[in-house]
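*Asks:* Here's a structure for you.
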Amino acid sequence: MSTYIKTTQDGRKVEVIGLAVCLDGHKEATRLVSVSEHPNRDAILAAMPSATHMAGRLPLTAEEAAAAQAALDAAREAYARSPKGLSERIRAVQNQALANRDG
């Protein structure tokens with residue numbers, strides 16, 4: 001399942017596909033970073049003054065960031081409830097238990 005976010009100036013689609021923000025179908029980021037916390041905030045704001053968040057190298061406005069975050073949250077919740085997500089959590093707990101036992 002994918003959620004359309006926007007189209008870039010050069011015509012590529014930005015979508016949330018699964019657990020990632022993707023540019024033209026290729027994974028770009030798994031989380032959003034506020035521009036105010038980004039180390040290159042001055043350059044980002046010079047290039048796109050309306051940007052409030054970054055998804056990898058993709059600047060997003062407040063509306064785009066809200067849509068992307070909502071799609072990421074929904075995908076994470078669906079994954080957490082899936083058999084694969086459950087097995088990942090069990091594996092992580094088992095690995096931690098073994099590390100505690102051996103350490």
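Lettering and numbering for the structure tokens are positional, with chains as A, B, ... in the shown order, residues counted from 1 in each chain, and ligands counted from 1 in the shown order.
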What residues in chain A get the DSSP label helix (DSSP H, G or I)? Please answer as an mmCIF file with N, CA, C and O atoms, in the first residue's frame.
*Replies:*
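Generated output (states08.cif):
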```cif
data_model
loop_
_atom_site.group_PDB
_atom_site.id
_atom_site.type_symbol
_atom_site.label_atom_id
_atom_site.label_comp_id
_atom_site.auth_asym_id
_atom_site.auth_seq_id
_atom_site.Cartn_x
_atom_site.Cartn_y
_atom_site.Cartn_z
ATOM 1 N N VAL A 35 13.015 20.628 10.309
ATOM 2 C CA VAL A 35 14.049 21.493 9.744
ATOM 3 C C VAL A 35 14.771 22.242 10.860
ATOM 4 O O VAL A 35 15.988 22.441 10.789
ATOM 5 N N SER A 36 14.062 22.593 11.920
ATOM 6 C CA SER A 36 14.697 23.326 13.022
ATOM 7 C C SER A 36 15.767 22.494 13.722
ATOM 8 O O SER A 36 16.674 23.046 14.345
ATOM 9 N N GLU A 37 15.698 21.161 13.614
ATOM 10 C CA GLU A 37 16.691 20.279 14.226
ATOM 11 C C GLU A 37 17.727 19.775 13.224
ATOM 12 O O GLU A 37 18.659 19.062 13.602
ATOM 13 N N ARG A 41 19.881 23.388 8.214
ATOM 14 C CA ARG A 41 18.617 24.119 8.149
ATOM 15 C C ARG A 41 18.703 25.405 7.333
ATOM 16 O O ARG A 41 17.762 25.755 6.636
ATOM 17 N N ASP A 42 19.827 26.113 7.402
ATOM 18 C CA ASP A 42 19.935 27.371 6.656
ATOM 19 C C ASP A 42 19.875 27.121 5.147
ATOM 20 O O ASP A 42 19.178 27.832 4.414
ATOM 21 N N ALA A 43 20.580 26.110 4.685
ATOM 22 C CA ALA A 43 20.572 25.787 3.250
ATOM 23 C C ALA A 43 19.194 25.285 2.818
ATOM 24 O O ALA A 43 18.729 25.616 1.721
ATOM 25 N N ILE A 44 18.553 24.511 3.675
ATOM 26 C CA ILE A 44 17.220 23.992 3.353
ATOM 27 C C ILE A 44 16.231 25.139 3.213
ATOM 28 O O ILE A 44 15.473 25.219 2.244
ATOM 29 N N LEU A 45 16.241 26.042 4.174
ATOM 30 C CA LEU A 45 15.295 27.166 4.136
ATOM 31 C C LEU A 45 15.601 28.133 3.005
ATOM 32 O O LEU A 45 14.693 28.778 2.480
ATOM 33 N N ALA A 46 16.878 28.241 2.617
ATOM 34 C CA ALA A 46 17.217 29.086 1.469
ATOM 35 C C ALA A 46 16.659 28.487 0.184
ATOM 36 O O ALA A 46 16.183 29.208 -0.698
ATOM 37 N N ALA A 47 16.689 27.164 0.082
ATOM 38 C CA ALA A 47 16.199 26.492 -1.122
ATOM 39 C C ALA A 47 14.676 26.375 -1.145
ATOM 40 O O ALA A 47 14.053 26.493 -2.195
ATOM 41 N N ALA A 62 4.459 21.654 5.949
ATOM 42 C CA ALA A 62 3.757 21.149 7.130
ATOM 43 C C ALA A 62 2.654 20.164 6.743
ATOM 44 O O ALA A 62 2.503 19.113 7.372
ATOM 45 N N GLU A 63 1.883 20.479 5.697
ATOM 46 C CA GLU A 63 0.806 19.596 5.268
ATOM 47 C C GLU A 63 1.342 18.272 4.733
ATOM 48 O O GLU A 63 0.811 17.199 5.041
ATOM 49 N N GLU A 64 2.399 18.337 3.929
ATOM 50 C CA GLU A 64 3.001 17.126 3.378
ATOM 51 C C GLU A 64 3.608 16.269 4.491
ATOM 52 O O GLU A 64 3.471 15.046 4.492
ATOM 53 N N ALA A 65 4.260 16.923 5.447
ATOM 54 C CA ALA A 65 4.858 16.198 6.570
ATOM 55 C C ALA A 65 3.790 15.523 7.421
ATOM 56 O O ALA A 65 3.971 14.384 7.869
ATOM 57 N N ALA A 66 2.668 16.194 7.633
ATOM 58 C CA ALA A 66 1.581 15.601 8.421
ATOM 59 C C ALA A 66 1.020 14.373 7.718
ATOM 60 O O ALA A 66 0.771 13.336 8.355
ATOM 61 N N ALA A 67 0.844 14.457 6.406
ATOM 62 C CA ALA A 67 0.333 13.314 5.644
ATOM 63 C C ALA A 67 1.340 12.160 5.661
ATOM 64 O O ALA A 67 0.961 10.996 5.848
ATOM 65 N N ALA A 68 2.613 12.479 5.493
ATOM 66 C CA ALA A 68 3.647 11.444 5.506
ATOM 67 C C ALA A 68 3.753 10.792 6.875
ATOM 68 O O ALA A 68 3.851 9.561 6.981
ATOM 69 N N GLN A 69 3.713 11.587 7.937
ATOM 70 C CA GLN A 69 3.819 11.029 9.288
ATOM 71 C C GLN A 69 2.623 10.153 9.617
ATOM 72 O O GLN A 69 2.767 9.094 10.222
ATOM 73 N N ALA A 70 1.438 10.571 9.197
ATOM 74 C CA ALA A 70 0.241 9.761 9.437
ATOM 75 C C ALA A 70 0.350 8.423 8.706
ATOM 76 O O ALA A 70 0.007 7.368 9.262
ATOM 77 N N ALA A 71 0.848 8.435 7.476
ATOM 78 C CA ALA A 71 1.004 7.197 6.712
ATOM 79 C C ALA A 71 2.073 6.303 7.336
ATOM 80 O O ALA A 71 1.905 5.082 7.412
ATOM 81 N N LEU A 72 3.182 6.902 7.797
ATOM 82 C CA LEU A 72 4.234 6.120 8.457
ATOM 83 C C LEU A 72 3.715 5.500 9.748
ATOM 84 O O LEU A 72 3.990 4.328 10.042
ATOM 85 N N ASP A 73 2.968 6.269 10.528
ATOM 86 C CA ASP A 73 2.414 5.749 11.787
ATOM 87 C C ASP A 73 1.452 4.594 11.530
ATOM 88 O O ASP A 73 1.490 3.583 12.233
ATOM 89 N N ALA A 74 0.602 4.735 10.526
ATOM 90 C CA ALA A 74 -0.348 3.666 10.197
ATOM 91 C C ALA A 74 0.391 2.412 9.737
ATOM 92 O O ALA A 74 0.030 1.291 10.120
ATOM 93 N N ALA A 75 1.430 2.585 8.945
ATOM 94 C CA ALA A 75 2.208 1.435 8.465
ATOM 95 C C ALA A 75 2.935 0.753 9.621
ATOM 96 O O ALA A 75 2.998 -0.480 9.678
ATOM 97 N N ARG A 76 3.480 1.544 10.546
ATOM 98 C CA ARG A 76 4.168 0.958 11.706
ATOM 99 C C ARG A 76 3.193 0.174 12.582
ATOM 100 O O ARG A 76 3.524 -0.898 13.076
ATOM 101 N N GLU A 77 2.016 0.709 12.775
ATOM 102 C CA GLU A 77 1.025 0.003 13.591
ATOM 103 C C GLU A 77 0.597 -1.296 12.916
ATOM 104 O O GLU A 77 0.485 -2.331 13.567
ATOM 105 N N ALA A 78 0.375 -1.248 11.615
ATOM 106 C CA ALA A 78 -0.003 -2.463 10.886
ATOM 107 C C ALA A 78 1.121 -3.493 10.937
ATOM 108 O O ALA A 78 0.876 -4.685 11.111
ATOM 109 N N TYR A 79 2.364 -3.038 10.816
ATOM 110 C CA TYR A 79 3.505 -3.952 10.880
ATOM 111 C C TYR A 79 3.632 -4.563 12.272
ATOM 112 O O TYR A 79 3.888 -5.758 12.408
ATOM 113 N N ALA A 80 3.437 -3.766 13.295
ATOM 114 C CA ALA A 80 3.561 -4.256 14.672
ATOM 115 C C ALA A 80 2.537 -5.341 14.968
ATOM 116 O O ALA A 80 2.793 -6.252 15.750
ATOM 117 N N ARG A 81 1.384 -5.271 14.335
ATOM 118 C CA ARG A 81 0.324 -6.261 14.552
ATOM 119 C C ARG A 81 0.438 -7.466 13.620
ATOM 120 O O ARG A 81 -0.299 -8.430 13.779
ATOM 121 N N PRO A 83 2.213 -10.812 11.713
ATOM 122 C CA PRO A 83 3.039 -11.932 12.175
ATOM 123 C C PRO A 83 4.537 -11.634 12.059
ATOM 124 O O PRO A 83 5.314 -12.009 12.932
ATOM 125 N N LYS A 84 4.929 -10.951 11.011
ATOM 126 C CA LYS A 84 6.346 -10.618 10.847
ATOM 127 C C LYS A 84 6.809 -9.647 11.933
ATOM 128 O O LYS A 84 7.891 -9.806 12.495
ATOM 129 N N GLY A 85 6.002 -8.658 12.241
ATOM 130 C CA GLY A 85 6.356 -7.715 13.300
ATOM 131 C C GLY A 85 6.442 -8.394 14.650
ATOM 132 O O GLY A 85 7.342 -8.118 15.450
ATOM 133 N N LEU A 86 5.508 -9.294 14.914
ATOM 134 C CA LEU A 86 5.520 -10.045 16.162
ATOM 135 C C LEU A 86 6.779 -10.896 16.267
ATOM 136 O O LEU A 86 7.450 -10.921 17.307
ATOM 137 N N SER A 87 7.140 -11.579 15.196
ATOM 138 C CA SER A 87 8.338 -12.422 15.235
ATOM 139 C C SER A 87 9.597 -11.585 15.405
ATOM 140 O O SER A 87 10.545 -12.014 16.082
ATOM 141 N N GLU A 88 9.637 -10.396 14.843
ATOM 142 C CA GLU A 88 10.779 -9.497 15.036
ATOM 143 C C GLU A 88 10.914 -9.084 16.496
ATOM 144 O O GLU A 88 12.014 -9.045 17.034
ATOM 145 N N ARG A 89 9.797 -8.778 17.138
ATOM 146 C CA ARG A 89 9.848 -8.402 18.557
ATOM 147 C C ARG A 89 10.297 -9.574 19.413
ATOM 148 O O ARG A 89 11.092 -9.416 20.342
ATOM 149 N N ILE A 90 9.800 -10.770 19.114
ATOM 150 C CA ILE A 90 10.213 -11.964 19.863
ATOM 151 C C ILE A 90 11.709 -12.208 19.671
ATOM 152 O O ILE A 90 12.431 -12.497 20.627
ATOM 153 N N ARG A 91 12.185 -12.079 18.441
ATOM 154 C CA ARG A 91 13.602 -12.275 18.160
ATOM 155 C C ARG A 91 14.456 -11.279 18.930
ATOM 156 O O ARG A 91 15.478 -11.625 19.517
ATOM 157 N N ALA A 92 14.033 -10.029 18.975
ATOM 158 C CA ALA A 92 14.787 -9.005 19.691
ATOM 159 C C ALA A 92 14.844 -9.303 21.193
ATOM 160 O O ALA A 92 15.888 -9.148 21.824
ATOM 161 N N VAL A 93 13.736 -9.751 21.759
ATOM 162 C CA VAL A 93 13.700 -10.093 23.190
ATOM 163 C C VAL A 93 14.602 -11.289 23.464
ATOM 164 O O VAL A 93 15.347 -11.312 24.449
ATOM 165 N N GLN A 94 14.565 -12.297 22.597
ATOM 166 C CA GLN A 94 15.423 -13.468 22.772
ATOM 167 C C GLN A 94 16.896 -13.083 22.691
ATOM 168 O O GLN A 94 17.711 -13.546 23.489
ATOM 169 N N ASN A 95 17.237 -12.251 21.734
ATOM 170 C CA ASN A 95 18.628 -11.803 21.604
ATOM 171 C C ASN A 95 19.080 -11.033 22.837
ATOM 172 O O ASN A 95 20.204 -11.200 23.311
ATOM 173 N N GLN A 96 18.209 -10.191 23.371
ATOM 174 C CA GLN A 96 18.538 -9.435 24.581
ATOM 175 C C GLN A 96 18.721 -10.366 25.768
ATOM 176 O O GLN A 96 19.636 -10.202 26.565
ATOM 177 N N ALA A 97 17.857 -11.374 25.887
ATOM 178 C CA ALA A 97 17.973 -12.339 26.981
ATOM 179 C C ALA A 97 19.276 -13.112 26.885
ATOM 180 O O ALA A 97 19.948 -13.336 27.912
ATOM 181 N N LEU A 98 19.656 -13.519 25.678
ATOM 182 C CA LEU A 98 20.914 -14.233 25.505
ATOM 183 C C LEU A 98 22.115 -13.319 25.820
ATOM 184 O O LEU A 98 23.090 -13.776 26.418
ATOM 185 N N ALA A 99 22.038 -12.070 25.412
ATOM 186 C CA ALA A 99 23.120 -11.134 25.704
ATOM 187 C C ALA A 99 23.258 -10.905 27.202
ATOM 188 O O ALA A 99 24.372 -10.846 27.750
ATOM 189 N N ASN A 100 22.121 -10.804 27.907
ATOM 190 C CA ASN A 100 22.156 -10.614 29.357
ATOM 191 C C ASN A 100 22.716 -11.852 30.051
ATOM 192 O O ASN A 100 23.458 -11.759 31.024
ATOM 193 N N ARG A 101 22.347 -13.027 29.563
ATOM 194 C CA ARG A 101 22.821 -14.274 30.152
ATOM 195 C C ARG A 101 24.325 -14.447 29.950
ATOM 196 O O ARG A 101 25.041 -14.846 30.859
ATOM 197 N N ASP A 102 24.810 -14.116 28.759
ATOM 198 C CA ASP A 102 26.211 -14.328 28.431
ATOM 199 C C ASP A 102 27.109 -13.181 28.877
ATOM 200 O O ASP A 102 28.312 -13.345 28.948
#
```
*Asks:* If you count only C-alpha atoms, which residues fall within 7 Å of A:His53, apart from same-chain ones fewer than 5 positions away, as a PyMOL selection string?
*Replies:* chain A and resi 32-35+59-61+65
